Amino acid sequence: MNHHICKSAKRTVAGARVKCYSLLVETKVLSMIVGALAALVMLAFSRTLNAEQITVLKNVNVIDGTGAPAQPNRTIVIEGDRIRSIGSGEAGKPNDAKSIDMHGQTIMPLMINTHGHLGMVKGTASGVSNQTEDNFRHQLLRYQDYGIGAVLSMGTDGPKFAEIREASRSGKWPGADVYSAGNGFGAKDGAPPAAMGFTNILRPDTADEARKEVAAQAPMKPDFYKLWLDDFYGQYPKLIAPEVYGAIIDEAHKHGLRVAAHLYHLKDARGLVADGVDVLAHSIRDGDVDDALLADMKKHNTAYIPTLSLDDFAFAYADSPAWVNEPFFRAALDPGVFEMITSPDYKAKTRESKAAKMEEEALPIARRNLKKIYDAGILVALGTDSGATPIRVQGFAEHVELELMVQAGLTPLQAIRVATKNGAELLRVSDQHGTLEPGKKANFIVLEKDPSHDINNTQTIRAVWKNGVKVSDGPVRTKPAVQNASEAYTMTRKSASAQELSDYISPSAPIELGRAPRMKVQLIRDGDTKEYAVIFSKGDEAFSGLMEFAEKYHVTSGHFTAIGALSRATLAWFDLQKKMYRKIPINEQVEVLSMIGDFALYQGKPALHTHVAVGHRDGRTSGGHVIEAVVSPTLEVFVTVDPVALEKKYDPETGLTLIDPRSH
């Protein structure tokens, strides 16, 4: 329109041109006013959104990770992904914030494992062939379930380490954050042994080769370089020479990067520290450290990662430790591992193993050295070597490490500081992570019991929060998982009548696991797309069983059909107005005419959606969403597991979690 007016102005007298110019100015001013108003509206809208992201946790005990005593009965205000304040009472609590009563539970920062391995193990096997996206995702989620917020993967990530790290740290992959020591350095025909699956390790013969290989990785900025200097209890030649590992350290430092060393022997520790190594990534286990080494470590700012659990796991399975049947341990195991470690053959081999006996004898030395090094004021961080072999169980190992550090003489609060604040300092992320303080990330574990009194209470995980949002209910679901992990209290809301609570069920109602003890699974087609037969027997509850199947077999997307019969069931119809399911009880034997469903991920864990049509004895049919399905005599489910993950997002309009294809 303005363009048309100005063209007309060329054919008018000067006065008309002035009017045209005036109209243009007025139009521009009006446009500026409209733009300013729009900006104000957007600002107000943004503030409204931010206000909706404020969460208040009240009546919570806080272990902040600094080593200070637990703070009882605190109120924490979380804004977005940050802690805004930690105080007492209701002071500073926004009026419109979401408030959660923690009922005296304890929170502590997410732990940091500064020595782990990713993707190497799957089932009872170990090797780089297991390093698939699915396996990386599965292990990072497992770490997260156990309260591990970050993992430094020590030298086994191969040439694509930067891609793995970016996928994690950018948020593409859920779970613990990945830090990487890149492509590690070992001895030719020596440690780490290729026979144990370490086939992507660099093995330079000369100092010049080592420098070139360090320089080749430098543009990708590994968080550390990793070198192995060990003979694995005399089983392999220790061929990496001092001039070679000295060149690795020197070249890394020239690029502003750091080096961590796998070691065992006191003599090697002296040489590495003298050459300026940044981290001793295992305990010294063949002799006691002396004042000279402690002074040299302090001089060179050498950090220490004791990995006590590595030695403990080497011999623990010879007998059946008390924890081997505990749900907290078993929830961390891949298929087949429990059967392997409890078999008579495995126990006998462990008892006869020379290496296992040496590690059992080494553990007391490792404990003594940890206490001396910690008391000397040297930075000690938690690490476990979990994920290097199937028996060093990711997630569980980190809690064992805490217990072993306390046995070595650290207090529970000191051990927690090692696992949180010190780890963040080692990774140089302590400005954001490692402690619970205003301005830092709202990343923490919710515990039923206080670990400052008993370190084993870190195993009473009730929730895991990351970036201000609850992302897990922990590995053992004593309080079952819900679909909306931002806390689902819809079933107890004051507006719900007793009749509603009886006739309706929330989309976020608890899923009780463990109700399909006779479920059997057989792989019937392997490949990128897998197919399974999942067979349920009399008394099994199929919905619970399918959830367990999805978790055990790491299902990130899939679909299924089924046929069989049920002795009873609870189906449901979704009421959009109430945002709840109206129950349809089935209290007689029925035939399953059609059962279909799908799997996807919600906040990193499998979520199940299934519908069924059943036939009654008189020919009637009933159908709906499945809440419960008790089998009799059988239900035969055929599951297709797809290679690409599908993710769900919470839809506030319906109260449901819905598949969002754009999220992949």
# chains A, B, ... in the order shown; residues from 1 in each chain; ligands from 1
$ residues_around --residues "A:Lys441" --least-positions-apart "4" --cutoff "6 Å" --atoms "only C-alpha atoms" --output "PDB file with N, CA and C atoms, in the first residue's frame"
ATOM      1  N   ASP A  81      16.423 -24.803  35.196  1.00  0.00           N
ATOM      2  CA  ASP A  81      17.348 -25.893  35.493  1.00  0.00           C
ATOM      3  C   ASP A  81      18.307 -25.549  36.627  1.00  0.00           C
ATOM      4  N   ARG A  82      18.036 -24.442  37.345  1.00  0.00           N
ATOM      5  CA  ARG A  82      18.962 -23.959  38.370  1.00  0.00           C
ATOM      6  C   ARG A  82      18.324 -23.916  39.755  1.00  0.00           C
ATOM      7  N   GLN A 432      29.247 -25.304  37.614  1.00  0.00           N
ATOM      8  CA  GLN A 432      27.873 -25.685  37.286  1.00  0.00           C
ATOM      9  C   GLN A 432      27.390 -26.914  38.072  1.00  0.00           C
ATOM     10  N   ASN A 467      18.678 -31.120  35.664  1.00  0.00           N
ATOM     11  CA  ASN A 467      18.259 -29.858  35.046  1.00  0.00           C
ATOM     12  C   ASN A 467      16.885 -29.408  35.534  1.00  0.00           C
TER      13      ASN A 467
END
$ residues_around --residues "A:Ala187" --least-positions-apart "6" --cutoff "12 Å" --atoms "only C-alpha atoms" --output "VMD selection string"
chain A and resid 193 to 194 198 to 199 201 to 206 210 227 to 232 236 to 242 244 to 245 262
$ residues_around --residues "A:Gly127" --least-positions-apart "6" --cutoff "7 Å" --atoms "only C-alpha atoms" --output "VMD selection string"
chain A and resid 120 to 121 196 to 198
$ atom_distance --atom1 "atom CA of A:Ala261" --atom2 "atom CA of A:Val418"
19.0 Å
$ select_by_dssp --residues "stretch 350-507 of chain A" --states "strand (DSSP E)" --output "MDAnalysis selection string"
chainID A and resid 444:447 461:466 469:472 504:505
$ residues_around --residues "A:Asp64" --least-positions-apart "2" --cutoff "10 Å" --atoms "only C-alpha atoms" --output "ChimeraX atom specification"
/A:61-62,66-71,107-109,413,416-417,420-421,434-437,444
$ residues_around --residues "A:Asp598" --least-positions-apart "6" --cutoff "10 Å" --atoms "only C-alpha atoms" --output "list in words"
Ser557, Gly558, His559, Phe560, Thr561, Ala607, Leu608, His609, Thr610, His611, Val639, Thr640 and Val641 of chain A
$ residues_around --residues "stretch 386-396 of chain A" --least-positions-apart "6" --cutoff "9 Å" --atoms "only C-alpha atoms" --output "PyMOL selection string"
chain A and resi 113+115-127+139+142-148+156+196+309-310+313-314+317+328-334+337+341+459
$ write_last_selection --atoms "N, CA and C atoms" --output "compact mmCIF listing (two decimals), in the first residue's frame"
# COMPACT_ATOMS: atom_id res chain seq x y z
N ASN A 113 31.25 -40.23 38.04
CA ASN A 113 32.19 -41.35 37.91
C ASN A 113 33.31 -40.91 36.98
N HIS A 115 36.01 -42.52 36.26
CA HIS A 115 36.69 -43.63 35.56
C HIS A 115 35.67 -44.72 35.26
N GLY A 116 35.12 -44.68 34.07
CA GLY A 116 34.20 -45.70 33.61
C GLY A 116 34.49 -46.03 32.16
N HIS A 117 33.70 -46.94 31.60
CA HIS A 117 33.83 -47.31 30.19
C HIS A 117 32.42 -47.47 29.62
N LEU A 118 32.22 -46.98 28.41
CA LEU A 118 30.88 -46.96 27.81
C LEU A 118 30.80 -47.87 26.58
N GLY A 119 29.69 -48.60 26.50
CA GLY A 119 29.38 -49.37 25.31
C GLY A 119 30.15 -50.66 25.15
N MET A 120 31.13 -50.93 26.01
CA MET A 120 32.01 -52.08 25.82
C MET A 120 31.33 -53.40 26.15
N VAL A 121 30.47 -53.40 27.17
CA VAL A 121 29.87 -54.66 27.61
C VAL A 121 28.41 -54.74 27.18
N LYS A 122 27.99 -55.94 26.88
CA LYS A 122 26.59 -56.21 26.59
C LYS A 122 26.34 -57.67 26.92
N GLY A 123 25.40 -57.91 27.83
CA GLY A 123 25.24 -59.27 28.32
C GLY A 123 26.50 -59.70 29.04
N THR A 124 27.01 -60.88 28.70
CA THR A 124 28.23 -61.39 29.32
C THR A 124 29.45 -61.17 28.43
N ALA A 125 29.30 -60.45 27.33
CA ALA A 125 30.40 -60.24 26.39
C ALA A 125 30.96 -58.83 26.51
N SER A 126 32.22 -58.68 26.10
CA SER A 126 32.88 -57.38 26.14
C SER A 126 33.65 -57.16 24.84
N GLY A 127 33.58 -55.94 24.32
CA GLY A 127 34.32 -55.62 23.10
C GLY A 127 33.74 -54.42 22.40
N GLN A 139 23.25 -47.66 28.64
CA GLN A 139 24.16 -47.55 29.77
C GLN A 139 24.13 -46.16 30.41
N ARG A 142 21.15 -46.15 32.58
CA ARG A 142 21.38 -46.95 33.79
C ARG A 142 22.19 -46.15 34.80
N TYR A 143 23.26 -45.52 34.35
CA TYR A 143 24.03 -44.67 35.26
C TYR A 143 23.11 -43.64 35.92
N GLN A 144 22.27 -43.00 35.11
CA GLN A 144 21.38 -41.97 35.64
C GLN A 144 20.43 -42.54 36.68
N ASP A 145 19.87 -43.71 36.42
CA ASP A 145 18.96 -44.33 37.39
C ASP A 145 19.62 -44.51 38.75
N TYR A 146 20.92 -44.73 38.75
CA TYR A 146 21.67 -44.95 39.99
C TYR A 146 22.26 -43.66 40.55
N GLY A 147 21.83 -42.52 40.02
CA GLY A 147 22.26 -41.25 40.57
C GLY A 147 23.60 -40.77 40.08
N ILE A 148 24.07 -41.30 38.95
CA ILE A 148 25.33 -40.87 38.36
C ILE A 148 25.01 -39.85 37.26
N THR A 156 38.36 -45.83 25.82
CA THR A 156 37.88 -46.94 24.99
C THR A 156 36.78 -46.51 24.02
N MET A 196 40.63 -59.09 25.69
CA MET A 196 39.53 -58.66 26.56
C MET A 196 38.61 -57.67 25.86
N SER A 309 36.57 -50.57 44.06
CA SER A 309 35.59 -51.60 43.71
C SER A 309 36.10 -52.54 42.63
N LEU A 310 37.03 -52.07 41.79
CA LEU A 310 37.62 -52.94 40.77
C LEU A 310 38.22 -54.18 41.42
N PHE A 313 35.38 -56.46 43.14
CA PHE A 313 34.60 -57.29 42.23
C PHE A 313 35.41 -58.48 41.71
N ALA A 314 36.73 -58.35 41.68
CA ALA A 314 37.56 -59.43 41.13
C ALA A 314 37.44 -60.72 41.92
N TYR A 317 32.77 -62.51 43.89
CA TYR A 317 31.80 -63.50 43.42
C TYR A 317 32.23 -64.94 43.71
N PHE A 328 18.63 -53.94 44.28
CA PHE A 328 19.45 -52.80 43.88
C PHE A 328 20.63 -53.25 43.02
N PHE A 329 21.16 -54.44 43.28
CA PHE A 329 22.23 -55.00 42.44
C PHE A 329 21.66 -55.60 41.17
N ARG A 330 20.64 -56.40 41.30
CA ARG A 330 20.14 -57.15 40.14
C ARG A 330 19.52 -56.24 39.08
N ALA A 331 18.99 -55.09 39.50
CA ALA A 331 18.41 -54.16 38.52
C ALA A 331 19.46 -53.59 37.57
N ALA A 332 20.74 -53.67 37.95
CA ALA A 332 21.81 -53.11 37.12
C ALA A 332 22.39 -54.11 36.13
N LEU A 333 21.96 -55.36 36.19
CA LEU A 333 22.60 -56.42 35.41
C LEU A 333 22.01 -56.55 34.01
N ASP A 334 22.89 -56.79 33.05
CA ASP A 334 22.46 -57.18 31.71
C ASP A 334 21.98 -58.64 31.74
N VAL A 337 24.12 -62.07 33.06
CA VAL A 337 25.23 -61.82 33.99
C VAL A 337 24.97 -62.48 35.35
N ILE A 341 27.57 -65.18 37.12
CA ILE A 341 28.33 -64.96 38.35
C ILE A 341 27.88 -65.87 39.49
N GLN A 459 21.85 -46.01 48.59
CA GLN A 459 21.13 -46.99 47.79
C GLN A 459 19.61 -46.90 47.95
$ closest_residue --among "A:Ser88, A:Gln603, A:Gln407, A:Asn422" --to "A:Ser472" --atoms "only C-alpha atoms"
A:Gln603
$ residues_around --residues "stretch 625-634 of chain A" --least-positions-apart "4" --cutoff "6 Å" --atoms "only C-alpha atoms" --output "list in words"
Phe536, Ser537, Lys538, Gly539, Asp540, Glu541, Ala542, Gly564, Ala565, Leu566, Ser567, Arg568, Ala569, Thr570, Leu571, Ala572, Thr610 and His611 of chain A
$ closest_residue --among "A:Lys221, A:Lys449, A:Lys172, A:Lys226" --to "A:Met154" --atoms "only C-alpha atoms"
A:Lys226
$ select_by_dssp --residues "stretch 268-363 of chain A" --states "helix (DSSP H, G or I)" --output "PyMOL selection string"
chain A and resi 268-274+291-299+308-316+322-325+327-330+337-341+344-352+354-363
$ closest_residue --among "A:Ser283, A:Thr302, A:Gly175, A:Ala247" --to "A:Tyr602" --atoms "only C-alpha atoms"
A:Gly175
$ closest_residue --among "A:Val289, A:Glu359, A:Ala442, A:Val521" --to "A:Ile76" --atoms "only C-alpha atoms"
A:Ala442
$ atom_distance --atom1 "atom CA of A:Tyr225" --atom2 "atom CA of A:Pro364"
28.8 Å
$ atom_distance --atom1 "atom CA of A:Ile249" --atom2 "atom CA of A:Asp275"
7.3 Å
$ decode --residues "stretch 371-398 of chain A" --atoms "N, CA, C and O atoms" --output "JSON list (two decimals), in the first residue's frame"
[["chain", "number", "residue", "atom", "x", "y", "z"],
["A", 371, "LYS", "N", 43.63, -43.43, 52.07],
["A", 371, "LYS", "CA", 43.54, -42.60, 53.28],
["A", 371, "LYS", "C", 44.73, -41.65, 53.38],
["A", 371, "LYS", "O", 44.58, -40.46, 53.69],
["A", 372, "LYS", "N", 45.94, -42.13, 53.09],
["A", 372, "LYS", "CA", 47.13, -41.28, 53.16],
["A", 372, "LYS", "C", 47.04, -40.15, 52.13],
["A", 372, "LYS", "O", 47.35, -38.99, 52.43],
["A", 373, "ILE", "N", 46.64, -40.48, 50.93],
["A", 373, "ILE", "CA", 46.58, -39.49, 49.87],
["A", 373, "ILE", "C", 45.50, -38.46, 50.15],
["A", 373, "ILE", "O", 45.70, -37.25, 49.96],
["A", 374, "TYR", "N", 44.33, -38.92, 50.63],
["A", 374, "TYR", "CA", 43.26, -37.98, 50.98],
["A", 374, "TYR", "C", 43.69, -37.05, 52.11],
["A", 374, "TYR", "O", 43.50, -35.83, 52.04],
["A", 375, "ASP", "N", 44.28, -37.61, 53.14],
["A", 375, "ASP", "CA", 44.70, -36.81, 54.29],
["A", 375, "ASP", "C", 45.80, -35.81, 53.92],
["A", 375, "ASP", "O", 45.97, -34.80, 54.60],
["A", 376, "ALA", "N", 46.55, -36.10, 52.84],
["A", 376, "ALA", "CA", 47.61, -35.19, 52.40],
["A", 376, "ALA", "C", 47.06, -33.98, 51.65],
["A", 376, "ALA", "O", 47.83, -33.08, 51.30],
["A", 377, "GLY", "N", 45.77, -33.96, 51.41],
["A", 377, "GLY", "CA", 45.16, -32.82, 50.71],
["A", 377, "GLY", "C", 45.21, -32.92, 49.20],
["A", 377, "GLY", "O", 44.99, -31.92, 48.50],
["A", 378, "ILE", "N", 45.50, -34.10, 48.68],
["A", 378, "ILE", "CA", 45.53, -34.33, 47.23],
["A", 378, "ILE", "C", 44.11, -34.58, 46.74],
["A", 378, "ILE", "O", 43.31, -35.23, 47.42],
["A", 379, "LEU", "N", 43.77, -34.06, 45.57],
["A", 379, "LEU", "CA", 42.42, -34.22, 45.04],
["A", 379, "LEU", "C", 42.15, -35.70, 44.74],
["A", 379, "LEU", "O", 42.84, -36.32, 43.93],
["A", 380, "VAL", "N", 41.13, -36.24, 45.39],
["A", 380, "VAL", "CA", 40.69, -37.61, 45.17],
["A", 380, "VAL", "C", 39.29, -37.56, 44.58],
["A", 380, "VAL", "O", 38.41, -36.86, 45.10],
["A", 381, "ALA", "N", 39.05, -38.27, 43.48],
["A", 381, "ALA", "CA", 37.74, -38.32, 42.83],
["A", 381, "ALA", "C", 37.28, -39.77, 42.74],
["A", 381, "ALA", "O", 38.09, -40.70, 42.71],
["A", 382, "LEU", "N", 35.96, -39.95, 42.71],
["A", 382, "LEU", "CA", 35.40, -41.30, 42.61],
["A", 382, "LEU", "C", 35.52, -41.83, 41.19],
["A", 382, "LEU", "O", 35.23, -41.13, 40.22],
["A", 383, "GLY", "N", 35.94, -43.09, 41.09],
["A", 383, "GLY", "CA", 35.96, -43.82, 39.82],
["A", 383, "GLY", "C", 35.87, -45.29, 40.13],
["A", 383, "GLY", "O", 36.22, -45.73, 41.23],
["A", 384, "THR", "N", 35.41, -46.07, 39.17],
["A", 384, "THR", "CA", 35.13, -47.49, 39.44],
["A", 384, "THR", "C", 35.64, -48.45, 38.39],
["A", 384, "THR", "O", 35.71, -49.65, 38.64],
["A", 385, "ASP", "N", 35.95, -47.97, 37.19],
["A", 385, "ASP", "CA", 36.26, -48.83, 36.05],
["A", 385, "ASP", "C", 35.04, -49.66, 35.64],
["A", 385, "ASP", "O", 35.16, -50.69, 34.96],
["A", 386, "SER", "N", 33.84, -49.22, 36.05],
["A", 386, "SER", "CA", 32.63, -49.95, 35.68],
["A", 386, "SER", "C", 32.45, -49.91, 34.17],
["A", 386, "SER", "O", 32.78, -48.93, 33.50],
["A", 387, "GLY", "N", 31.93, -51.00, 33.63],
["A", 387, "GLY", "CA", 31.70, -51.09, 32.20],
["A", 387, "GLY", "C", 32.86, -51.64, 31.41],
["A", 387, "GLY", "O", 32.73, -51.87, 30.20],
["A", 388, "ALA", "N", 34.02, -51.87, 32.06],
["A", 388, "ALA", "CA", 35.15, -52.46, 31.35],
["A", 388, "ALA", "C", 34.94, -53.96, 31.16],
["A", 388, "ALA", "O", 35.36, -54.54, 30.16],
["A", 389, "THR", "N", 34.31, -54.60, 32.14],
["A", 389, "THR", "CA", 33.95, -56.01, 32.06],
["A", 389, "THR", "C", 32.54, -56.17, 32.62],
["A", 389, "THR", "O", 32.08, -55.31, 33.40],
["A", 390, "PRO", "N", 31.84, -57.24, 32.30],
["A", 390, "PRO", "CA", 30.46, -57.39, 32.78],
["A", 390, "PRO", "C", 30.33, -57.46, 34.29],
["A", 390, "PRO", "O", 29.26, -57.15, 34.82],
["A", 391, "ILE", "N", 31.39, -57.87, 35.01],
["A", 391, "ILE", "CA", 31.27, -58.03, 36.48],
["A", 391, "ILE", "C", 31.46, -56.70, 37.21],
["A", 391, "ILE", "O", 31.18, -56.63, 38.41],
["A", 392, "ARG", "N", 31.95, -55.67, 36.54],
["A", 392, "ARG", "CA", 32.05, -54.34, 37.15],
["A", 392, "ARG", "C", 30.81, -53.57, 36.71],
["A", 392, "ARG", "O", 30.79, -52.93, 35.67],
["A", 393, "VAL", "N", 29.79, -53.65, 37.54],
["A", 393, "VAL", "CA", 28.43, -53.33, 37.12],
["A", 393, "VAL", "C", 28.16, -51.83, 37.20],
["A", 393, "VAL", "O", 28.23, -51.23, 38.28],
["A", 394, "GLN", "N", 27.85, -51.24, 36.07],
["A", 394, "GLN", "CA", 27.60, -49.80, 35.99],
["A", 394, "GLN", "C", 26.42, -49.41, 36.87],
["A", 394, "GLN", "O", 25.38, -50.05, 36.86],
["A", 395, "GLY", "N", 26.58, -48.33, 37.61],
["A", 395, "GLY", "CA", 25.53, -47.85, 38.51],
["A", 395, "GLY", "C", 25.70, -48.42, 39.90],
["A", 395, "GLY", "O", 25.85, -47.68, 40.87],
["A", 396, "PHE", "N", 25.69, -49.72, 40.03],
["A", 396, "PHE", "CA", 25.87, -50.36, 41.33],
["A", 396, "PHE", "C", 27.29, -50.16, 41.84],
["A", 396, "PHE", "O", 27.51, -49.92, 43.03],
["A", 397, "ALA", "N", 28.28, -50.24, 40.95],
["A", 397, "ALA", "CA", 29.69, -50.16, 41.36],
["A", 397, "ALA", "C", 29.98, -48.85, 42.08],
["A", 397, "ALA", "O", 30.79, -48.82, 43.03],
["A", 398, "GLU", "N", 29.36, -47.76, 41.66],
["A", 398, "GLU", "CA", 29.65, -46.47, 42.26],
["A", 398, "GLU", "C", 29.22, -46.41, 43.72],
["A", 398, "GLU", "O", 29.86, -45.76, 44.55]]
